[in-house]
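*Asks:* Just dropping this structure here.
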Amino acid sequence: MSQSGMILEAPFAPAPLPTTMRAAVYRGKGSVVVEDVPVPEISAAEVLIRVAACGICGTDIKKIEHGFVAPPQIFGHEVAGTVVAVGAGVTKWKPGNRVMSFHHIPCGACFYCERRLYSQCPGYKKVGLTAGFDPNGGGFAQYVRAMPWMAQRGMIAIPLDISFDEATFIEPVNTCIKAVEKARVAAGETVAVIGQGPIGLLLMMLSKLAGAVVIGSDPMPQRRAKSLFLGADQAVDPREGRLADEIRAVTQGRGADVVLVAVPYSAALTDALEIARPGGRVLLFAQNDPKMRIEFPAAAVGVEEKEILGSYSAAVDRQEESARLIFSRRLPVRELISHGFPLEDMNAALQLAAHPVGDSLKVVVHP
């Protein structure tokens with residue numbers, strides 16, 4: 001394990017591609033094995049990327065810990081690296097380009113795309129980035145194959161002064177922009193963000209950029225300190241039972257206009273509804289467990305008119321904005337990266353990401 005150093009890769013030097021590579025392969029519930037697998041072969045319209053960095057997402061952890069998908073799989077979808085090969089029909093990219101790649105892209109023309117519900121597009125659900133087996137991102141491997149629709153519309157060039165580690169945030173920042181917009185966060189509103197891990201901190205910073213007053217909530221003192229350092233107006237320990245009082249104190253007793261839930265616990269919705277004002281909005285960001293069931297007081301919606309919203313994955317029309325916020329460093333994502341691991345230490349990386357301690361925040365793998 002090492003503290004993450006922002007990786008700026010050396011100038012590209014073409015070299016023969018190997019036939020095999022190292023990859024962290026999901027072999028069943030709770031099991032990930034680093035082993036040799038074939039390097040993906042590309043077609044005429046595809047691109048091969050050598051992975052320099054891949055962030056660990058909470059969704060990866062849920063799939064591994066709970067066995068939500070059938071093995072074998074290679075996860076990892078917060079990918080940044082260098083193009084090492086392009087198909088004969090590819091004109092947009094060339095070997096040596098520094099890029100990040102999304103793993104989903106909508107069709108742009110269906111019922112859902114016309115309504116900006118991109119993640120509900122049938123085409124969006126077809127993963128376009130893979131290191132082998134059933135496509136599932138593939139960033140926890142040394143090379144990934146970007147399929148034609150990703151090579152054409154799902155990759156972004158990385159400036160030379162931006163590290164690969166920073167570029168891995170383009171996808172998660174996109175998802176957070178979408179969530180803040182879905183919650184209709186507006187200037188002057190009071191926003192509570194439950195959870196100040198990497199995603200919660202991004203939601204907090206984006207809410208601040210929208211002009212809101214933001215109160216963060218997290219039981220870990222290091223995360224509360226980081227929240228204040230990055231711009232939160234207050235950061236509260238929810239175990240002390242003060243969150244509702246702190247919010248009412250700054251809202252003339254009403255409660256938060258918006259509550260963004262960035263922790264994957266069903267009970268968090270009850271807490272969020274309690275601190276939201278009548279007519280306020282609660283957005284569930286982390287509740288994407290397909291087996292989770294949530295109960296809540298019906299009167300909170302039926303009488304107090306509080307809204308419960310959901311936001312899932314990225315929005316294709318926010319790609320450039322998410323990249324701009326990172327490339328301009330208006331969002332200081334470097335402050336969120338606490339640890340970097342080599343691929344061979346994948347299980348230690350997953351353990352830390354799933355069970356944070358001390359000052360740990362975002363964990364990045366360097367294949």
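Identifiers in the structure tokens: chain A, B, ... in order shown; residue index from 1 per chain; ligand index from 1 in order shown.
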Produce a table with one row for each residue of range 202-296 of chain A that has an atom at most 12 Å from any atom of range 330-346 of chain A, each row naming the nearest atom pair and its distance in Å at one decimal; use only C-alpha atoms; arrange rows by chain and rising residue number; format as CSV.

*Replies:*
```
residue,atom,partner,partner_atom,distance
A:Leu202,CA,A:Leu331,CA,8.2
A:Leu203,CA,A:Leu331,CA,10.9
A:Met204,CA,A:Leu331,CA,10.9
A:Met205,CA,A:Leu331,CA,7.4
A:Leu206,CA,A:Leu331,CA,8.2
A:Ser207,CA,A:Leu331,CA,11.6
A:Lys208,CA,A:Leu331,CA,10.7
A:Leu209,CA,A:Arg330,CA,9.2
A:Gln222,CA,A:Ser338,CA,11.8
A:Arg223,CA,A:Leu336,CA,10.1
A:Lys226,CA,A:Glu335,CA,8.6
A:Ser227,CA,A:Leu336,CA,10.2
A:Phe229,CA,A:Glu335,CA,9.7
A:Leu230,CA,A:Pro332,CA,8.3
A:Gly231,CA,A:Leu331,CA,11.0
```

*Asks:* Could you name the residues that touch Ala268 in chain A at 12 Å or less, counting only C-alpha atoms, but leaving out those on the same chain fewer than 2 positions away, as a compact mmCIF listing (two decimals) with N, CA and C atoms, in the first residue's frame?

*Replies:*
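Dumped everything to selection-v3.txt:
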```txt
# COMPACT_ATOMS: atom_id res chain seq x y z
N VAL A 193 -25.84 16.63 3.22
CA VAL A 193 -25.28 15.48 2.51
C VAL A 193 -24.93 14.43 3.56
N ILE A 194 -25.64 13.33 3.52
CA ILE A 194 -25.42 12.24 4.48
C ILE A 194 -24.33 11.33 3.92
N GLY A 195 -23.18 11.33 4.60
CA GLY A 195 -22.01 10.58 4.14
C GLY A 195 -21.02 11.52 3.48
N SER A 217 -22.57 15.27 6.88
CA SER A 217 -22.78 14.38 8.01
C SER A 217 -21.95 13.13 7.82
N ASP A 218 -21.11 12.79 8.82
CA ASP A 218 -20.32 11.56 8.74
C ASP A 218 -19.82 11.21 10.13
N PRO A 238 -23.35 12.31 12.98
CA PRO A 238 -24.76 11.91 13.12
C PRO A 238 -25.02 11.10 14.39
N VAL A 259 -31.87 16.89 0.78
CA VAL A 259 -31.00 15.94 1.46
C VAL A 259 -30.48 14.96 0.43
N LEU A 260 -29.16 14.87 0.31
CA LEU A 260 -28.52 13.95 -0.62
C LEU A 260 -27.94 12.79 0.19
N VAL A 261 -28.35 11.58 -0.13
CA VAL A 261 -27.97 10.40 0.65
C VAL A 261 -26.87 9.64 -0.08
N ALA A 262 -25.66 9.68 0.49
CA ALA A 262 -24.50 9.07 -0.15
C ALA A 262 -23.95 7.91 0.66
N VAL A 263 -24.81 7.26 1.44
CA VAL A 263 -24.43 6.05 2.17
C VAL A 263 -25.43 4.95 1.80
N PRO A 264 -24.98 3.69 1.66
CA PRO A 264 -25.84 2.63 1.13
C PRO A 264 -26.64 1.89 2.18
N TYR A 265 -27.29 2.62 3.08
CA TYR A 265 -28.04 1.99 4.15
C TYR A 265 -29.52 2.34 4.01
N SER A 266 -30.38 1.35 4.19
CA SER A 266 -31.82 1.60 4.04
C SER A 266 -32.34 2.58 5.08
N THR A 270 -35.02 7.14 6.23
CA THR A 270 -35.81 7.63 7.36
C THR A 270 -35.16 8.87 7.97
N ASP A 271 -33.83 8.81 8.14
CA ASP A 271 -33.12 9.98 8.67
C ASP A 271 -33.25 11.17 7.74
N ALA A 272 -33.13 10.92 6.44
CA ALA A 272 -33.20 12.00 5.47
C ALA A 272 -34.57 12.67 5.47
N LEU A 273 -35.61 11.86 5.54
CA LEU A 273 -36.96 12.43 5.56
C LEU A 273 -37.20 13.25 6.83
N GLU A 274 -36.57 12.83 7.92
CA GLU A 274 -36.74 13.56 9.18
C GLU A 274 -36.13 14.94 9.12
N ILE A 275 -35.00 15.09 8.43
CA ILE A 275 -34.32 16.38 8.42
C ILE A 275 -34.72 17.25 7.23
N VAL A 282 -35.54 14.64 -1.16
CA VAL A 282 -34.54 13.67 -0.71
C VAL A 282 -34.10 12.87 -1.92
N LEU A 283 -32.79 12.85 -2.18
CA LEU A 283 -32.28 12.10 -3.32
C LEU A 283 -31.43 10.94 -2.83
N LEU A 284 -31.77 9.74 -3.30
CA LEU A 284 -31.02 8.53 -2.97
C LEU A 284 -29.98 8.28 -4.05
N PHE A 285 -28.72 8.38 -3.66
CA PHE A 285 -27.63 8.16 -4.62
C PHE A 285 -27.04 6.77 -4.46
N ALA A 286 -26.90 6.29 -3.24
CA ALA A 286 -26.18 5.03 -2.99
C ALA A 286 -27.10 3.82 -2.90
N GLN A 287 -28.39 4.03 -3.01
CA GLN A 287 -29.33 2.91 -2.84
C GLN A 287 -29.56 2.18 -4.17
N ILE A 294 -36.78 -0.77 1.37
CA ILE A 294 -36.78 0.38 2.26
C ILE A 294 -38.19 0.71 2.70
N GLU A 295 -38.37 0.91 4.00
CA GLU A 295 -39.64 1.38 4.53
C GLU A 295 -39.50 2.84 4.99
N PHE A 296 -40.58 3.59 4.85
CA PHE A 296 -40.55 4.98 5.31
C PHE A 296 -41.96 5.40 5.68
```

*Asks:* Which residues, written as a ChimeraX atom specification, have at least one atom at most 10 Å from range 305-313 of chain A, with only C-alpha atoms counted and residues fewer than 6 positions away on the same chain left out?

*Replies:* /A:104,117-120,171-172,174-176,178-183,257-261,269,272-273,276-288,298-299

*Asks:* Within 9 Å of range 121-145 of chain A, which residues of range 30-106 of chain A come that close, and what is the closest atom pair and distance in Å for each? Count only C-alpha atoms and give it as a tab-separated table.

*Replies:*
```
residue	atom	partner	partner_atom	distance
A:Val34	CA	A:Ala141	CA	8.9
A:Val37	CA	A:Gly132	CA	7.9
A:Pro38	CA	A:Gly132	CA	7.7
A:Val39	CA	A:Tyr143	CA	6.5
A:Pro40	CA	A:Ala131	CA	6.1
A:Glu41	CA	A:Arg145	CA	7.4
A:Ile42	CA	A:Arg145	CA	6.6
A:Glu46	CA	A:Arg145	CA	7.0
A:Val47	CA	A:Arg145	CA	5.9
A:Leu48	CA	A:Arg145	CA	4.7
A:Ile49	CA	A:Val144	CA	5.3
A:Arg50	CA	A:Tyr143	CA	4.5
A:Val51	CA	A:Gln142	CA	5.3
A:Ala52	CA	A:Gln142	CA	7.7
A:Ala53	CA	A:Gly139	CA	7.8
A:Cys54	CA	A:Gly139	CA	5.6
A:Gly55	CA	A:Gly139	CA	8.3
A:Ile56	CA	A:Phe140	CA	8.9
A:Pro71	CA	A:Asp134	CA	8.7
A:Pro72	CA	A:Phe133	CA	6.5
A:Gln73	CA	A:Phe133	CA	5.9
A:Ile74	CA	A:Gly138	CA	4.9
A:Phe75	CA	A:Gly138	CA	4.9
A:Gly76	CA	A:Gly139	CA	4.2
A:His77	CA	A:Gly137	CA	4.5
A:Glu78	CA	A:Gly139	CA	6.9
A:Val79	CA	A:Gly139	CA	5.6
A:Ala80	CA	A:Gly139	CA	8.3
A:Gly81	CA	A:Tyr143	CA	8.9
A:Ser101	CA	A:Leu129	CA	7.9
A:Phe102	CA	A:Leu129	CA	7.6
A:His103	CA	A:Leu129	CA	5.0
A:His104	CA	A:Tyr124	CA	5.4
A:Ile105	CA	A:Tyr124	CA	5.1
A:Pro106	CA	A:Tyr124	CA	4.2
```

*Asks:* Would you give me, as an MDAnalysis selection string, the residues in range 81-198 of chain A that DSSP reads as strand (DSSP E or B)?

*Replies:* chainID A and resid 81:86 98:101 129:130 141 143:146 155:157 190:194

*Asks:* Taking N, CA, C and O atoms for each residue, export the selection above as an mmCIF file, in the first residue's frame.

*Replies:*
```cif
data_model
loop_
_atom_site.group_PDB
_atom_site.id
_atom_site.type_symbol
_atom_site.label_atom_id
_atom_site.label_comp_id
_atom_site.auth_asym_id
_atom_site.auth_seq_id
_atom_site.Cartn_x
_atom_site.Cartn_y
_atom_site.Cartn_z
ATOM 1 N N GLY A 81 -6.094 5.922 -19.036
ATOM 2 C CA GLY A 81 -4.873 5.280 -19.509
ATOM 3 C C GLY A 81 -4.444 5.807 -20.864
ATOM 4 O O GLY A 81 -4.826 6.909 -21.274
ATOM 5 N N THR A 82 -3.693 5.002 -21.575
ATOM 6 C CA THR A 82 -3.092 5.396 -22.853
ATOM 7 C C THR A 82 -3.559 4.465 -23.960
ATOM 8 O O THR A 82 -3.534 3.234 -23.802
ATOM 9 N N VAL A 83 -3.976 5.043 -25.072
ATOM 10 C CA VAL A 83 -4.310 4.236 -26.249
ATOM 11 C C VAL A 83 -3.040 3.559 -26.766
ATOM 12 O O VAL A 83 -2.022 4.225 -26.983
ATOM 13 N N VAL A 84 -3.100 2.237 -26.932
ATOM 14 C CA VAL A 84 -1.923 1.510 -27.441
ATOM 15 C C VAL A 84 -2.172 0.871 -28.793
ATOM 16 O O VAL A 84 -1.229 0.476 -29.483
ATOM 17 N N ALA A 85 -3.436 0.760 -29.204
ATOM 18 C CA ALA A 85 -3.739 0.208 -30.524
ATOM 19 C C ALA A 85 -5.121 0.680 -30.941
ATOM 20 O O ALA A 85 -6.014 0.859 -30.103
ATOM 21 N N VAL A 86 -5.285 0.902 -32.247
ATOM 22 C CA VAL A 86 -6.584 1.289 -32.797
ATOM 23 C C VAL A 86 -6.884 0.428 -34.006
ATOM 24 O O VAL A 86 -5.982 -0.005 -34.731
ATOM 25 N N ARG A 98 -3.695 10.062 -24.425
ATOM 26 C CA ARG A 98 -4.065 9.870 -23.023
ATOM 27 C C ARG A 98 -5.574 10.075 -22.917
ATOM 28 O O ARG A 98 -6.086 11.137 -23.304
ATOM 29 N N VAL A 99 -6.288 9.076 -22.397
ATOM 30 C CA VAL A 99 -7.743 9.115 -22.451
ATOM 31 C C VAL A 99 -8.363 8.562 -21.168
ATOM 32 O O VAL A 99 -7.725 7.829 -20.410
ATOM 33 N N MET A 100 -9.615 8.936 -20.952
ATOM 34 C CA MET A 100 -10.475 8.199 -20.028
ATOM 35 C C MET A 100 -11.632 7.664 -20.862
ATOM 36 O O MET A 100 -11.936 8.183 -21.944
ATOM 37 N N SER A 101 -12.236 6.601 -20.363
ATOM 38 C CA SER A 101 -13.362 6.031 -21.087
ATOM 39 C C SER A 101 -14.505 5.741 -20.138
ATOM 40 O O SER A 101 -14.304 5.178 -19.055
ATOM 41 N N LEU A 129 -17.091 -1.442 -22.492
ATOM 42 C CA LEU A 129 -15.683 -1.450 -22.094
ATOM 43 C C LEU A 129 -15.419 -2.772 -21.391
ATOM 44 O O LEU A 129 -16.147 -3.147 -20.465
ATOM 45 N N THR A 130 -14.370 -3.491 -21.832
ATOM 46 C CA THR A 130 -14.161 -4.827 -21.289
ATOM 47 C C THR A 130 -12.692 -5.226 -21.305
ATOM 48 O O THR A 130 -11.926 -4.780 -22.157
ATOM 49 N N ALA A 141 -7.576 -4.391 -14.734
ATOM 50 C CA ALA A 141 -6.715 -5.191 -15.608
ATOM 51 C C ALA A 141 -5.745 -4.252 -16.307
ATOM 52 O O ALA A 141 -5.909 -3.030 -16.277
ATOM 53 N N TYR A 143 -5.116 -4.009 -19.584
ATOM 54 C CA TYR A 143 -5.616 -3.485 -20.857
ATOM 55 C C TYR A 143 -7.136 -3.644 -20.915
ATOM 56 O O TYR A 143 -7.687 -4.621 -20.397
ATOM 57 N N VAL A 144 -7.804 -2.680 -21.550
ATOM 58 C CA VAL A 144 -9.241 -2.785 -21.792
ATOM 59 C C VAL A 144 -9.530 -2.464 -23.255
ATOM 60 O O VAL A 144 -8.820 -1.685 -23.893
ATOM 61 N N ARG A 145 -10.595 -3.074 -23.745
ATOM 62 C CA ARG A 145 -11.047 -2.860 -25.117
ATOM 63 C C ARG A 145 -12.262 -1.957 -25.111
ATOM 64 O O ARG A 145 -13.264 -2.243 -24.451
ATOM 65 N N ALA A 146 -12.174 -0.838 -25.815
ATOM 66 C CA ALA A 146 -13.303 0.069 -25.982
ATOM 67 C C ALA A 146 -14.025 -0.300 -27.268
ATOM 68 O O ALA A 146 -13.436 -0.252 -28.356
ATOM 69 N N MET A 155 -15.216 8.364 -25.056
ATOM 70 C CA MET A 155 -13.866 8.596 -24.567
ATOM 71 C C MET A 155 -13.536 10.082 -24.600
ATOM 72 O O MET A 155 -14.015 10.809 -25.471
ATOM 73 N N ILE A 156 -12.709 10.525 -23.649
ATOM 74 C CA ILE A 156 -12.319 11.928 -23.555
ATOM 75 C C ILE A 156 -10.797 12.006 -23.452
ATOM 76 O O ILE A 156 -10.178 11.258 -22.690
ATOM 77 N N ALA A 157 -10.199 12.913 -24.208
ATOM 78 C CA ALA A 157 -8.751 13.120 -24.153
ATOM 79 C C ALA A 157 -8.369 13.818 -22.850
ATOM 80 O O ALA A 157 -9.079 14.715 -22.384
ATOM 81 N N THR A 190 -30.524 25.229 1.594
ATOM 82 C CA THR A 190 -29.728 24.472 2.562
ATOM 83 C C THR A 190 -29.771 23.002 2.165
ATOM 84 O O THR A 190 -30.855 22.421 2.025
ATOM 85 N N VAL A 191 -28.590 22.436 1.983
ATOM 86 C CA VAL A 191 -28.462 21.045 1.530
ATOM 87 C C VAL A 191 -27.730 20.251 2.598
ATOM 88 O O VAL A 191 -26.668 20.664 3.077
ATOM 89 N N ALA A 192 -28.283 19.118 2.972
ATOM 90 C CA ALA A 192 -27.600 18.180 3.861
ATOM 91 C C ALA A 192 -27.102 17.011 3.023
ATOM 92 O O ALA A 192 -27.851 16.471 2.203
ATOM 93 N N VAL A 193 -25.844 16.633 3.217
ATOM 94 C CA VAL A 193 -25.276 15.481 2.513
ATOM 95 C C VAL A 193 -24.925 14.432 3.557
ATOM 96 O O VAL A 193 -24.023 14.630 4.376
ATOM 97 N N ILE A 194 -25.642 13.329 3.520
ATOM 98 C CA ILE A 194 -25.417 12.244 4.476
ATOM 99 C C ILE A 194 -24.328 11.330 3.923
ATOM 100 O O ILE A 194 -24.506 10.660 2.903
#
```

*Asks:* Taking only C-alpha atoms into account, name the residue in A:Gln319, A:Thr20, A:Ser360, A:Asn347 that is nearest to Arg153 in chain A.

*Replies:* A:Gln319

*Asks:* Extract the full set of alpha helix (DSSP H) residues from range 282-342 of chain A according to DSSP on the backbone, and format it as a PyMOL selection string.

*Replies:* chain A and resi 298-302+319-327

*Asks:* So how many Å separate CA of Leu160 in chain A and CA of Gly200 in chain A, to one decimal?

*Replies:* 28.1 Å

*Asks:* When you draw a straight line from CA of Ala354 in chain A to CA of Ile61 in chain A, how long is it in Å?

*Replies:* 6.5 Å

*Asks:* Interatomic distance between CA of Asp237 in chain A and CA of Met220 in chain A?

*Replies:*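 These two atoms are separated by 7.5 Å.
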